[in-house]
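Structure data follow from protein_23.csv (CSV, C-alpha atoms and all ligand atoms):
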chain,number,residue,atom,x,y,z
I,1,VAL,CA,0.0,0.0,0.0
I,2,PRO,CA,1.3,3.5,-0.8
I,3,ILE,CA,2.2,5.8,2.0
I,4,GLU,CA,0.2,8.9,2.9
I,5,PRO,CA,0.5,11.1,6.0
I,6,GLU,CA,-2.6,11.2,8.3
I,7,LEU,CA,-3.1,14.9,8.7
I,8,SER,CA,-5.8,14.6,11.4
I,9,SER,CA,-3.6,12.7,13.7
I,10,CYS,CA,-0.5,15.0,13.5
I,11,GLY,CA,1.1,15.0,17.0
I,12,GLU,CA,4.4,15.9,18.6
I,13,SER,CA,7.6,14.9,17.0
I,14,THR,CA,10.1,12.9,18.9
I,15,VAL,CA,13.8,13.7,18.8
I,16,ASP,CA,15.8,10.7,20.0
I,17,THR,CA,19.5,10.5,20.0
I,18,GLY,CA,19.6,7.1,21.6
I,19,LYS,CA,20.8,8.7,24.9
I,20,THR,CA,18.4,11.5,25.3
I,21,CYS,CA,15.0,12.3,23.9
I,22,MET,CA,12.6,15.2,23.7
I,23,ASN,CA,9.2,16.1,22.1
I,24,VAL,CA,8.7,19.0,19.9
I,25,PRO,CA,5.5,20.4,18.3
I,26,CYS,CA,6.0,20.6,14.5
I,27,CYS,CA,2.5,20.1,13.0
I,28,PRO,CA,1.3,22.5,10.3
I,29,PRO,CA,-1.4,25.1,11.1
I,30,LYS,CA,-4.9,23.7,10.9
I,31,LEU,CA,-6.6,23.7,7.5
I,32,LYS,CA,-9.1,26.5,7.3
I,33,ASP,CA,-11.7,24.6,5.2
I,34,SER,CA,-10.4,21.1,5.3
I,35,LYS,CA,-9.9,21.2,1.5
I,36,ILE,CA,-6.9,19.4,0.0
I,37,ILE,CA,-6.2,20.1,-3.6
I,38,ASP,CA,-4.5,17.5,-5.8
I,39,TYR,CA,-1.3,18.8,-7.3
I,40,GLU,CA,-1.5,20.0,-10.9
I,41,PRO,CA,1.5,21.0,-13.0
I,42,LEU,CA,1.7,24.6,-14.0
I,43,LEU,CA,1.7,24.6,-17.7
I,44,GLY,CA,3.3,27.0,-20.2
I,45,ARG,CA,5.9,28.5,-17.9
I,46,LYS,CA,9.5,28.7,-18.9
I,47,ILE,CA,12.0,26.6,-17.0
I,48,ARG,CA,13.5,28.2,-14.0
I,49,TYR,CA,17.2,27.4,-13.6
I,50,ARG,CA,18.4,27.1,-10.0
I,51,PRO,CA,21.9,28.8,-9.8
I,52,ALA,CA,24.9,27.5,-8.0
I,53,ALA,CA,25.1,29.5,-4.7
I,54,HIS,CA,28.7,30.5,-5.1
I,55,LEU,CA,28.1,31.9,-8.6
I,56,VAL,CA,25.1,34.2,-8.0
I,57,ASP,CA,25.4,38.0,-8.6
I,58,CYS,CA,24.3,40.7,-6.4
I,59,ASP,CA,21.0,41.4,-8.2
I,60,TYR,CA,20.1,37.8,-7.6
I,61,LEU,CA,21.2,38.0,-4.0
I,62,TYR,CA,19.1,41.1,-3.4
I,63,LYS,CA,16.0,39.3,-4.6
I,64,PHE,CA,16.7,36.1,-2.7
I,65,GLU,CA,17.3,37.9,0.5
I,66,LEU,CA,14.2,40.0,0.1
I,67,ALA,CA,12.1,36.9,-0.4
I,68,MET,CA,13.6,35.2,2.7
I,69,GLU,CA,13.2,38.3,4.8
I,70,ARG,CA,9.5,38.4,3.8
I,71,MET,CA,9.1,34.7,4.5
I,72,LYS,CA,10.5,35.2,8.0
I,73,ALA,CA,8.3,38.2,8.5
I,74,LEU,CA,5.0,36.4,7.8
I,75,PRO,CA,2.6,35.8,10.7
I,76,VAL,CA,3.8,32.9,12.8
I,77,ASP,CA,0.7,30.9,12.1
I,78,ASP,CA,0.9,31.4,8.3
I,79,PRO,CA,1.9,28.0,6.9
I,80,ARG,CA,4.3,29.9,4.5
I,81,ASN,CA,6.2,31.5,7.4
I,82,PHE,CA,9.8,30.3,7.6
I,83,MET,CA,9.5,28.5,10.9
I,84,GLN,CA,6.4,26.7,9.6
I,85,GLN,CA,8.4,25.7,6.6
I,86,ALA,CA,11.2,24.4,8.8
I,87,ASN,CA,8.8,22.4,10.8
I,88,ILE,CA,7.6,20.5,7.8
I,89,HIS,CA,10.9,18.7,7.9
I,90,CYS,CA,10.6,18.0,11.6
I,91,ALA,CA,7.0,16.6,11.2
I,92,TYR,CA,8.0,14.3,8.3
I,93,CYS,CA,11.2,13.1,9.9
I,94,ASN,CA,10.4,12.8,13.5
I,95,GLY,CA,7.2,10.8,13.6
I,96,ALA,CA,4.5,13.5,13.8
I,97,TYR,CA,2.3,11.7,11.3
I,98,SER,CA,1.0,8.3,11.2
I,99,GLN,CA,0.2,6.6,7.9
I,100,VAL,CA,-3.3,6.8,6.5
I,101,GLY,CA,-5.0,3.5,7.3
I,102,PHE,CA,-2.3,2.5,9.9
I,103,PRO,CA,-2.7,4.6,13.0
I,104,ASP,CA,0.1,2.8,14.7
I,105,GLN,CA,2.7,3.3,12.0
I,106,LYS,CA,4.7,6.4,12.0
I,107,LEU,CA,5.8,8.1,8.8
I,108,GLU,CA,9.5,8.8,8.3
I,109,VAL,CA,10.8,10.0,4.9
I,110,HIS,CA,14.5,9.2,5.4
I,111,TYR,CA,16.3,6.0,4.8
I,112,SER,CA,14.0,4.8,2.1
I,113,TRP,CA,12.8,5.4,-1.5
I,114,LEU,CA,10.7,8.3,-0.2
I,115,PHE,CA,13.9,10.4,0.4
I,116,PHE,CA,14.4,12.0,-3.0
I,117,PRO,CA,10.7,12.6,-3.8
I,118,PHE,CA,9.8,14.1,-0.4
I,119,HIS,CA,12.7,16.6,-0.4
I,120,ARG,CA,12.1,17.5,-4.0
I,121,MET,CA,8.5,18.5,-3.4
I,122,TYR,CA,9.4,20.2,-0.1
I,123,LEU,CA,11.8,22.5,-1.9
I,124,TYR,CA,9.5,23.0,-4.8
I,125,PHE,CA,6.8,24.6,-2.6
I,126,PHE,CA,9.4,26.5,-0.6
I,127,GLU,CA,10.6,28.0,-3.8
I,128,ARG,CA,7.2,28.9,-5.1
I,129,ILE,CA,6.4,30.6,-1.8
I,130,LEU,CA,9.6,32.6,-2.2
I,131,GLY,CA,8.7,33.5,-5.7
I,132,LYS,CA,5.2,34.6,-4.7
I,133,LEU,CA,6.6,36.9,-1.9
I,134,ILE,CA,8.6,38.9,-4.4
I,135,ASP,CA,6.1,38.6,-7.1
I,136,ASP,CA,8.4,36.6,-9.4
I,137,PRO,CA,6.9,33.2,-10.2
I,138,ASP,CA,10.1,32.4,-12.1
I,139,PHE,CA,12.3,32.8,-9.1
I,140,ALA,CA,14.6,29.8,-8.6
I,141,MET,CA,16.5,29.2,-5.4
I,142,PRO,CA,20.2,28.5,-5.3
I,143,PHE,CA,21.9,25.1,-4.8
I,144,TRP,CA,25.1,24.4,-2.9
I,145,ASN,CA,27.5,23.0,-5.4
I,146,TRP,CA,29.5,20.9,-2.9
I,147,ASP,CA,30.4,18.3,-5.5
I,148,SER,CA,32.7,20.8,-7.2
I,149,PRO,CA,36.0,22.3,-5.9
I,150,CYS,CA,34.8,25.9,-5.8
I,151,GLY,CA,31.6,24.9,-4.0
I,152,MET,CA,33.2,22.8,-1.2
I,153,THR,CA,33.0,25.5,1.4
I,154,MET,CA,29.9,26.9,3.0
I,155,PRO,CA,28.6,29.4,0.3
I,156,GLN,CA,29.6,33.0,1.1
I,157,ILE,CA,26.1,34.4,0.7
I,158,TYR,CA,24.9,32.4,3.8
I,159,LEU,CA,27.6,33.8,6.1
I,160,ASP,CA,26.7,37.4,6.6
I,161,PRO,CA,25.3,37.7,10.1
I,162,TYR,CA,23.0,40.5,9.0
I,163,SER,CA,21.5,38.5,6.2
I,164,PRO,CA,18.2,36.5,6.4
I,165,LEU,CA,20.3,33.6,5.0
I,166,TYR,CA,22.4,33.5,8.1
I,167,ASP,CA,21.9,31.0,10.9
I,168,GLU,CA,23.9,31.2,14.1
I,169,ASN,CA,23.5,27.6,14.9
I,170,ARG,CA,26.3,26.3,12.8
I,171,ASN,CA,29.8,24.9,13.4
I,172,LEU,CA,31.9,28.0,13.4
I,173,GLU,CA,35.0,25.9,12.9
I,174,HIS,CA,33.7,25.0,9.5
I,175,GLN,CA,33.5,28.5,8.0
I,176,PRO,CA,35.5,29.0,4.8
I,177,ASP,CA,38.1,28.2,3.9
I,178,VAL,CA,37.4,24.9,5.5
I,179,LEU,CA,36.4,22.3,2.9
I,180,VAL,CA,33.6,19.9,3.6
I,181,ASN,CA,34.6,16.3,3.9
I,182,LEU,CA,32.1,14.3,2.0
I,183,ASN,CA,33.5,11.1,3.4
I,184,ASP,CA,32.4,11.9,6.9
I,185,GLY,CA,29.0,10.2,6.9
I,186,LYS,CA,28.3,6.6,6.7
I,187,SER,CA,29.9,6.3,3.4
I,188,VAL,CA,30.4,3.3,1.2
I,189,VAL,CA,34.0,4.3,0.9
I,190,LYS,CA,34.9,3.7,4.5
I,191,LYS,CA,34.4,0.0,4.4
I,192,LYS,CA,36.9,-0.5,1.7
I,193,LYS,CA,39.5,1.5,3.3
I,194,LYS,CA,42.4,-0.9,2.7
I,195,LYS,CA,42.1,-1.3,-1.0
I,196,LYS,CA,44.6,0.5,-3.1
I,197,GLU,CA,42.1,2.4,-5.3
I,198,ASP,CA,40.4,3.9,-2.4
I,199,CYS,CA,39.6,7.4,-1.5
I,200,PHE,CA,41.9,8.9,1.0
I,201,ASN,CA,41.3,11.3,3.7
I,202,GLU,CA,44.1,13.7,4.1
I,203,LEU,CA,43.9,17.2,5.3
I,204,THR,CA,45.6,19.2,2.6
I,205,LYS,CA,43.2,21.1,0.4
I,206,ARG,CA,44.1,19.4,-2.7
I,207,GLU,CA,43.8,16.0,-1.2
I,208,GLN,CA,40.4,16.9,0.3
I,209,ILE,CA,39.1,17.9,-3.0
I,210,LYS,CA,40.4,14.8,-4.6
I,211,SER,CA,38.9,12.7,-1.9
I,212,ASN,CA,35.5,14.4,-2.3
I,213,LEU,CA,35.4,13.9,-6.0
I,214,CYS,CA,36.3,10.3,-5.5
I,215,VAL,CA,33.5,9.9,-2.9
I,216,MET,CA,31.1,11.4,-5.5
I,217,TYR,CA,32.3,9.0,-8.1
I,218,GLN,CA,31.7,6.1,-5.7
I,219,GLN,CA,28.3,7.2,-4.6
I,220,MET,CA,26.9,8.3,-7.9
I,221,ILE,CA,28.5,5.9,-10.3
I,222,ARG,CA,30.2,2.9,-8.8
I,223,SER,CA,27.7,2.1,-6.1
I,224,SER,CA,24.4,3.3,-7.5
I,225,LYS,CA,23.8,1.2,-10.5
I,226,THR,CA,20.2,0.4,-9.6
I,227,ALA,CA,17.2,2.3,-8.3
I,228,SER,CA,17.4,0.5,-5.0
I,229,CYS,CA,21.1,1.5,-4.5
I,230,PHE,CA,20.5,5.1,-5.4
I,231,HIS,CA,17.1,5.7,-3.8
I,232,GLY,CA,17.2,3.3,-0.9
I,233,ALA,CA,14.9,0.6,0.2
I,234,ALA,CA,11.3,0.2,-0.6
I,235,TYR,CA,8.9,1.5,2.1
I,236,ARG,CA,5.3,0.5,2.1
I,237,ALA,CA,2.4,1.5,4.3
I,238,GLY,CA,1.4,-0.5,7.3
I,239,CYS,CA,4.5,-2.7,7.6
I,240,VAL,CA,4.2,-3.8,11.2
I,241,SER,CA,7.0,-6.3,11.6
I,242,GLU,CA,10.1,-7.2,9.8
I,243,THR,CA,8.7,-10.4,8.5
I,244,ASP,CA,5.7,-8.8,6.7
I,245,ILE,CA,5.7,-9.7,3.1
I,246,GLY,CA,6.7,-6.7,1.0
I,247,CYS,CA,8.0,-4.8,4.0
I,248,THR,CA,11.5,-3.4,4.2
I,249,PRO,CA,13.5,-5.6,6.5
I,250,GLU,CA,15.2,-2.5,7.7
I,251,PRO,CA,15.3,1.1,6.6
I,252,ARG,CA,18.1,1.7,4.3
I,253,GLY,CA,19.0,5.0,2.6
I,254,GLY,CA,20.6,5.3,-0.8
I,255,THR,CA,24.2,6.0,-1.5
I,256,ILE,CA,24.0,9.7,-1.6
I,257,GLU,CA,21.5,10.0,1.2
I,258,ASN,CA,23.7,8.0,3.6
I,259,GLY,CA,26.9,9.4,2.3
I,260,ALA,CA,27.5,13.0,1.0
I,261,HIS,CA,24.1,14.1,2.2
I,262,LEU,CA,24.6,13.2,5.8
I,263,ALA,CA,28.2,14.4,5.7
I,264,VAL,CA,27.1,17.9,4.7
I,265,HIS,CA,24.5,18.0,7.5
I,266,LYS,CA,27.1,17.0,10.1
I,267,PHE,CA,29.6,19.5,8.7
I,268,VAL,CA,27.2,22.5,9.0
I,269,GLY,CA,25.5,21.6,12.3
I,270,ALA,CA,26.9,23.2,15.5
I,271,LYS,CA,28.9,21.0,17.8
I,272,ASN,CA,26.4,21.4,20.6
I,273,PRO,CA,25.4,18.1,22.2
I,274,PRO,CA,23.1,16.4,22.3
I,275,TYR,CA,21.2,17.5,19.2
I,276,ASN,CA,23.7,19.5,17.0
I,277,GLU,CA,21.2,22.0,15.9
I,278,ASP,CA,20.4,23.2,13.3
I,279,MET,CA,21.7,21.2,10.4
I,280,GLY,CA,23.0,18.3,12.5
I,281,ASN,CA,19.5,17.1,13.4
I,282,PHE,CA,16.5,16.4,11.3
I,283,TYR,CA,14.1,18.1,13.6
I,284,SER,CA,15.9,21.4,13.3
I,285,ALA,CA,17.7,21.2,9.9
I,286,GLY,CA,15.0,23.2,8.1
I,287,ARG,CA,15.7,26.2,10.4
I,288,ASP,CA,19.0,26.8,8.6
I,289,PRO,CA,18.4,28.6,5.2
I,290,LEU,CA,21.5,26.6,4.0
I,291,PHE,CA,19.4,23.4,4.3
I,292,TYR,CA,17.4,24.3,1.2
I,293,ALA,CA,20.6,25.0,-0.9
I,294,HIS,CA,22.1,21.7,0.4
I,295,HIS,CA,19.0,19.8,-0.6
I,296,GLY,CA,19.0,21.6,-3.9
I,297,ASN,CA,22.2,19.9,-4.7
I,298,VAL,CA,21.0,16.5,-3.4
I,299,ASP,CA,18.0,16.9,-5.7
I,300,ARG,CA,20.3,17.8,-8.6
I,301,MET,CA,22.1,14.5,-8.0
I,302,TRP,CA,18.8,12.7,-8.8
I,303,ASN,CA,18.6,14.5,-12.1
I,304,ILE,CA,22.3,13.7,-12.9
I,305,TRP,CA,21.9,10.1,-11.8
I,306,LYS,CA,19.2,9.5,-14.4
I,307,THR,CA,21.5,10.8,-17.2
I,308,LEU,CA,24.3,8.4,-16.3
I,309,PRO,CA,24.7,5.3,-18.5
I,310,GLY,CA,23.4,2.0,-17.4
I,311,LYS,CA,20.1,0.2,-18.1
I,312,LYS,CA,19.1,-0.1,-14.5
I,313,ARG,CA,19.7,3.6,-13.6
I,314,ARG,CA,16.0,4.3,-13.7
I,315,ASP,CA,13.5,5.2,-11.2
I,316,PHE,CA,11.3,2.5,-9.8
I,317,ASP,CA,8.1,1.8,-11.7
I,318,GLU,CA,6.1,0.2,-8.8
I,319,ASP,CA,2.7,1.8,-8.1
I,320,VAL,CA,3.2,1.6,-4.4
I,321,TRP,CA,6.1,4.1,-4.8
I,322,LEU,CA,4.5,6.2,-7.5
I,323,ASN,CA,1.3,6.6,-5.6
I,324,SER,CA,2.8,7.5,-2.2
I,325,SER,CA,2.0,11.0,-1.4
I,326,PHE,CA,2.8,14.0,0.8
I,327,LEU,CA,1.0,17.2,1.8
I,328,PHE,CA,2.3,20.7,1.5
I,329,TYR,CA,0.9,24.2,1.7
I,330,ASP,CA,1.5,26.0,-1.5
I,331,GLU,CA,2.3,29.6,-2.2
I,332,ASN,CA,-1.4,30.6,-1.7
I,333,ALA,CA,-1.6,28.7,1.6
I,334,ASN,CA,-3.7,25.9,0.1
I,335,MET,CA,-3.0,22.4,1.1
I,336,VAL,CA,-1.8,20.3,-1.8
I,337,ARG,CA,-1.5,16.5,-2.1
I,338,VAL,CA,1.4,15.5,-4.3
I,339,LYS,CA,2.3,12.0,-5.4
I,340,VAL,CA,5.7,10.6,-6.1
I,341,ARG,CA,4.6,10.1,-9.7
I,342,ASP,CA,4.2,13.9,-10.0
I,343,CYS,CA,7.7,14.7,-9.2
I,344,LEU,CA,9.9,12.3,-11.3
I,345,ASP,CA,10.9,15.0,-13.8
I,346,SER,CA,12.1,18.3,-12.5
I,347,LYS,CA,11.4,20.0,-15.8
I,348,ALA,CA,7.8,19.0,-15.6
I,349,LEU,CA,7.8,20.8,-12.3
I,350,GLY,CA,9.1,23.8,-14.1
I,351,TYR,CA,12.7,23.9,-12.9
I,352,ASP,CA,16.2,22.5,-13.7
I,353,TYR,CA,19.7,23.3,-12.5
I,354,GLN,CA,22.3,25.7,-13.9
I,355,SER,CA,24.7,23.6,-15.9
I,356,VAL,CA,28.1,23.6,-14.3
I,357,ASP,CA,31.1,21.3,-14.7
I,358,ILE,CA,30.8,17.9,-13.0
I,359,PRO,CA,34.4,17.0,-12.3
I,360,TRP,CA,33.7,13.8,-10.4
I,361,LEU,CA,32.5,12.2,-13.6
I,362,ARG,CA,36.2,12.0,-14.4
I,363,SER,CA,37.4,11.0,-10.9
I,364,LYS,CA,37.5,7.3,-11.2
I,365,PRO,CA,39.6,6.2,-8.2
N,401,LIG,CU1,15.4,15.4,5.4
N,401,LIG,CU2,18.9,16.4,4.6
N,401,LIG,O1,17.3,15.7,5.4

When written as structure tokens, how does the structure in this file appear?
Amino acid sequence: VPIEPELSSCGESTVDTGKTCMNVPCCPPKLKDSKIIDYEPLLGRKIRYRPAAHLVDCDYLYKFELAMERMKALPVDDPRNFMQQANIHCAYCNGAYSQVGFPDQKLEVHYSWLFFPFHRMYLYFFERILGKLIDDPDFAMPFWNWDSPCGMTMPQIYLDPYSPLYDENRNLEHQPDVLVNLNDGKSVVKKKKKKKEDCFNELTKREQIKSNLCVMYQQMIRSSKTASCFHGAAYRAGCVSETDIGCTPEPRGGTIENGAHLAVHKFVGAKNPPYNEDMGNFYSAGRDPLFYAHHGNVDRMWNIWKTLPGKKRRDFDEDVWLNSSFLFYDENANMVRVKVRDCLDSKALGYDYQSVDIPWLRSKP
């Protein structure tokens, strides 16, 4: 059965580190008229190109900051308000929702095949809200190009303490020129440490860049030849026990989700135990504007993956995946139900990514 969040039962989210635990309220504001619209593509618009964050010019930055400022200034109970947007992540990742038809089953969008579709649509509505707030329906938000040498530090535009793109809950030791280490998560590279062709982990800049490109090659090319490797394990509604037929024996994220994606979260999040807010914990990650640029690049990887050679590098075609759905408030504060099948092609959603060099394609270890 496809997965759908049960809106009416939305409750507190649980943040559990294994050692300590807390509950946080993250549910969206109540529907005014209980109306949920099914997603429909906007037709006839030109494609919006999301720019690399380290390449934007100051006219762009002016618009982006204005939009973010307005989003933060919306009334706190407006579903388009920045904190409400941040809470969407918390609700979908920390068990605020149960699954439609299965009141005992929590919904979690990480570590499974829901990872790429959920985050794609989350960003999609976030971007449309930004566009609406500056009256520019063609506005495209930036992506953090951490898979390319010039993008491997936190992008400068997010670092000005007076900017609405700033977040004080970050690891200050990781400001530029410190390069992200993409091998820091649970990466596939680690296991094979001893083999000759492996990625190394040295601290000089040049070696770090080389290592990161090598990690990207591993996660995007070598280890992601099938949908299951890239997207992660199947996740169906109502799976109660590990032995249920069709259930995922255990949650498993795809190569990029477990690897570069988590590494960047950890790199940005503050070193504050126990929760490492903001980016270091799913419940708070959406509170950092950099989150959306980070996930822009994660989303871009989905587009790139589909263009790589190999017959099995294709999305799943199972209905249970295609018909799984999520709920988001759109730019007009209407609640929209969007299915995985609506989001397979970013161009059909009206956006794509600025074309930049992809050096890891040539970084075979
Ligand atoms: Cu929903 Cu980067 O996590």

Checklist entry - If we count all atoms listed in the file, what is near I:Arg236 at a cut-off of 10 Å, once residues fewer than 3 positions away on the same chain are taken out, given as number ranges by chain? => result I: 1-4, 99, 112-114, 233, 239, 246-248, 320-321, 324

Next on the checklist: From the options I:Cys150, I:Cys229, I:Met121, I:Val56, which residue's atoms come nearest to ligand LIG 401 (chain N), counting only C-alpha atoms and all ligand atoms?
Outcome noted: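 Smallest distance to ligand LIG 401 (chain N) is found for I:Met121.
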
Checklist entry - For the atom pair atom CA of I:Lys266 and atom CA of I:Asp184, what is the interatomic distance in Å to one decimal place? => result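 We find that atom CA of I:Lys266 and atom CA of I:Asp184 lie 8.0 Å from each other.
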
Checklist entry - What do you get as an MDAnalysis selection string if you pick all residues at most 7 Å from ligand LIG 401 (chain N), counting only C-alpha atoms and all ligand atoms? => result chainID I and resid 89 93 110 119 261:262 265 282 295

Checklist entry - So which residues are close to (8.4, 25.4, 10.8), meaning at most 10 Å away in the file's coordinates with all atoms listed in the file counted, and can you show them as a VMD selection string? => result chain I and resid 25 to 29 76 to 91 283 to 284 286 to 287

Output for the residues just chosen: C-alpha atoms as a PDB file, in the coordinates of the input:
ATOM      1  CA  PRO I  25       5.500  20.400  18.300  1.00  0.00           C
ATOM      2  CA  CYS I  26       6.000  20.600  14.500  1.00  0.00           C
ATOM      3  CA  CYS I  27       2.500  20.100  13.000  1.00  0.00           C
ATOM      4  CA  PRO I  28       1.300  22.500  10.300  1.00  0.00           C
ATOM      5  CA  PRO I  29      -1.400  25.100  11.100  1.00  0.00           C
ATOM      6  CA  VAL I  76       3.800  32.900  12.800  1.00  0.00           C
ATOM      7  CA  ASP I  77       0.700  30.900  12.100  1.00  0.00           C
ATOM      8  CA  ASP I  78       0.900  31.400   8.300  1.00  0.00           C
ATOM      9  CA  PRO I  79       1.900  28.000   6.900  1.00  0.00           C
ATOM     10  CA  ARG I  80       4.300  29.900   4.500  1.00  0.00           C
ATOM     11  CA  ASN I  81       6.200  31.500   7.400  1.00  0.00           C
ATOM     12  CA  PHE I  82       9.800  30.300   7.600  1.00  0.00           C
ATOM     13  CA  MET I  83       9.500  28.500  10.900  1.00  0.00           C
ATOM     14  CA  GLN I  84       6.400  26.700   9.600  1.00  0.00           C
ATOM     15  CA  GLN I  85       8.400  25.700   6.600  1.00  0.00           C
ATOM     16  CA  ALA I  86      11.200  24.400   8.800  1.00  0.00           C
ATOM     17  CA  ASN I  87       8.800  22.400  10.800  1.00  0.00           C
ATOM     18  CA  ILE I  88       7.600  20.500   7.800  1.00  0.00           C
ATOM     19  CA  HIS I  89      10.900  18.700   7.900  1.00  0.00           C
ATOM     20  CA  CYS I  90      10.600  18.000  11.600  1.00  0.00           C
ATOM     21  CA  ALA I  91       7.000  16.600  11.200  1.00  0.00           C
ATOM     22  CA  TYR I 283      14.100  18.100  13.600  1.00  0.00           C
ATOM     23  CA  SER I 284      15.900  21.400  13.300  1.00  0.00           C
ATOM     24  CA  GLY I 286      15.000  23.200   8.100  1.00  0.00           C
ATOM     25  CA  ARG I 287      15.700  26.200  10.400  1.00  0.00           C
TER      26      ARG I 287
END

Item to check | Coordinates-based distance that separates atom CA of I:Arg128 from atom CA of I:Glu331 (Å, one decimal) | outcome: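 Between these atoms lies a distance of 5.7 Å.
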
Next on the checklist: Distance cut-off 12 Å, centre (19.6, 8.9, 0.2) in file coordinates, counting only C-alpha atoms: which residues qualify? Return them as JSON, numbers by chain.
Outcome noted: {"I": [109, 110, 111, 112, 113, 114, 115, 116, 117, 118, 119, 185, 186, 187, 219, 220, 224, 227, 228, 229, 230, 231, 232, 233, 251, 252, 253, 254, 255, 256, 257, 258, 259, 260, 261, 262, 263, 295, 298, 299, 301, 302]}

Item to check | For atom CA of I:Pro142 and atom CA of I:Tyr166, the interatomic separation in Å (one decimal) | outcome: 14.5 Å

Checklist entry - Which residue gives the smallest distance to I:Leu61 among I:Asn145, I:Ser13, I:Ser346, I:Gln156, with only C-alpha atoms counted? => result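 Once distances to I:Leu61 are computed over only C-alpha atoms, the minimum belongs to I:Gln156.
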
Item to check | Using only C-alpha atoms: which of I:Met216, I:Leu179, I:Leu308, I:Ile129 has the shortest distance to I:Pro149 | outcome: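 When distances to I:Pro149 are compared using only C-alpha atoms, the smallest one comes from I:Leu179.
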
Next on the checklist: Which residues are close to I:Ile221, i.e. within 12 Å by all atoms listed in the file, leaving aside same-chain residues fewer than 3 positions away? Reply as a PyMOL selection string.
Outcome noted: chain I and resi 188+213-218+224-226+229-230+255-256+301-302+304-310+312-313+360-365

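If all atoms listed in the file are the atoms counted, then among I:Lys32, I:Ile157, I:Arg222, I:Gly95 the closest residue to I:Asp57 is I:Ile157.
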
Checklist outcome for this item: For I:Ser325, the closest of I:Leu7, I:Leu31, I:Leu66, I:Val268 counting all atoms listed in the file is I:Leu7

Extending 3 Å beyond the listed atoms of stretch 268-286 of chain I on each side, what axis-aligned box results? I want centre and edge lengths in Å to one decimal, as AutoDock Vina command-line options.
--center_x 21.5 --center_y 19.8 --center_z 15.2 --size_x 20.8 --size_y 12.8 --size_z 20.2

Checklist entry - In terms of the shortest atom-to-atom distance over all atoms listed in the file, which of I:Val24, I:Leu130, I:Leu290, I:Met152 is closest to I:Asp278? => result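 Closest to I:Asp278 of all the choices is I:Leu290.
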
Checklist entry - If we count only C-alpha atoms, what is near I:Gly44 at a cut-off of 12 Å, once residues fewer than 6 positions away on the same chain are taken out, given as a VMD selection string? => result chain I and resid 138 347 to 350

Next on the checklist: Using all atoms listed in the file, which protein or nucleic acid residues come within 12 Å of I:Glu69? Drop anything in the same chain fewer than 2 positions from it, and give the result as number ranges by chain.
Outcome noted: I: 61-67, 71-74, 81-82, 130, 133-134, 162-166, 289

Where atoms are missing, can you supply N, CA and C atoms for stretch 303-314 of chain I and output the lot as a compact mmCIF listing (two decimals), in the frame of the given file?
# COMPACT_ATOMS: atom_id res chain seq x y z
N ASN I 303 18.67 14.22 -10.68
CA ASN I 303 18.60 14.50 -12.10
C ASN I 303 19.86 13.97 -12.83
N ILE I 304 21.03 14.18 -12.22
CA ILE I 304 22.30 13.70 -12.90
C ILE I 304 22.29 12.19 -12.97
N TRP I 305 21.90 11.56 -11.88
CA TRP I 305 21.90 10.10 -11.80
C TRP I 305 21.14 9.48 -13.00
N LYS I 306 20.02 10.10 -13.33
CA LYS I 306 19.20 9.50 -14.40
C LYS I 306 19.83 9.71 -15.79
N THR I 307 20.83 10.59 -15.88
CA THR I 307 21.50 10.80 -17.20
C THR I 307 22.71 9.88 -17.32
N LEU I 308 23.11 9.20 -16.26
CA LEU I 308 24.30 8.40 -16.30
C LEU I 308 24.01 7.07 -17.08
N PRO I 309 25.01 6.52 -17.76
CA PRO I 309 24.70 5.30 -18.50
C PRO I 309 24.42 4.11 -17.63
N GLY I 310 23.72 3.17 -18.18
CA GLY I 310 23.40 2.00 -17.40
C GLY I 310 21.88 1.73 -17.51
N LYS I 311 21.50 0.53 -17.92
CA LYS I 311 20.10 0.20 -18.10
C LYS I 311 19.27 0.30 -16.85
N LYS I 312 19.91 0.01 -15.74
CA LYS I 312 19.10 -0.10 -14.50
C LYS I 312 19.11 1.25 -13.74
N ARG I 313 19.76 2.25 -14.30
CA ARG I 313 19.70 3.60 -13.60
C ARG I 313 18.44 4.28 -13.98
N ARG I 314 17.36 3.74 -13.47
CA ARG I 314 16.00 4.30 -13.70
C ARG I 314 15.25 4.28 -12.46
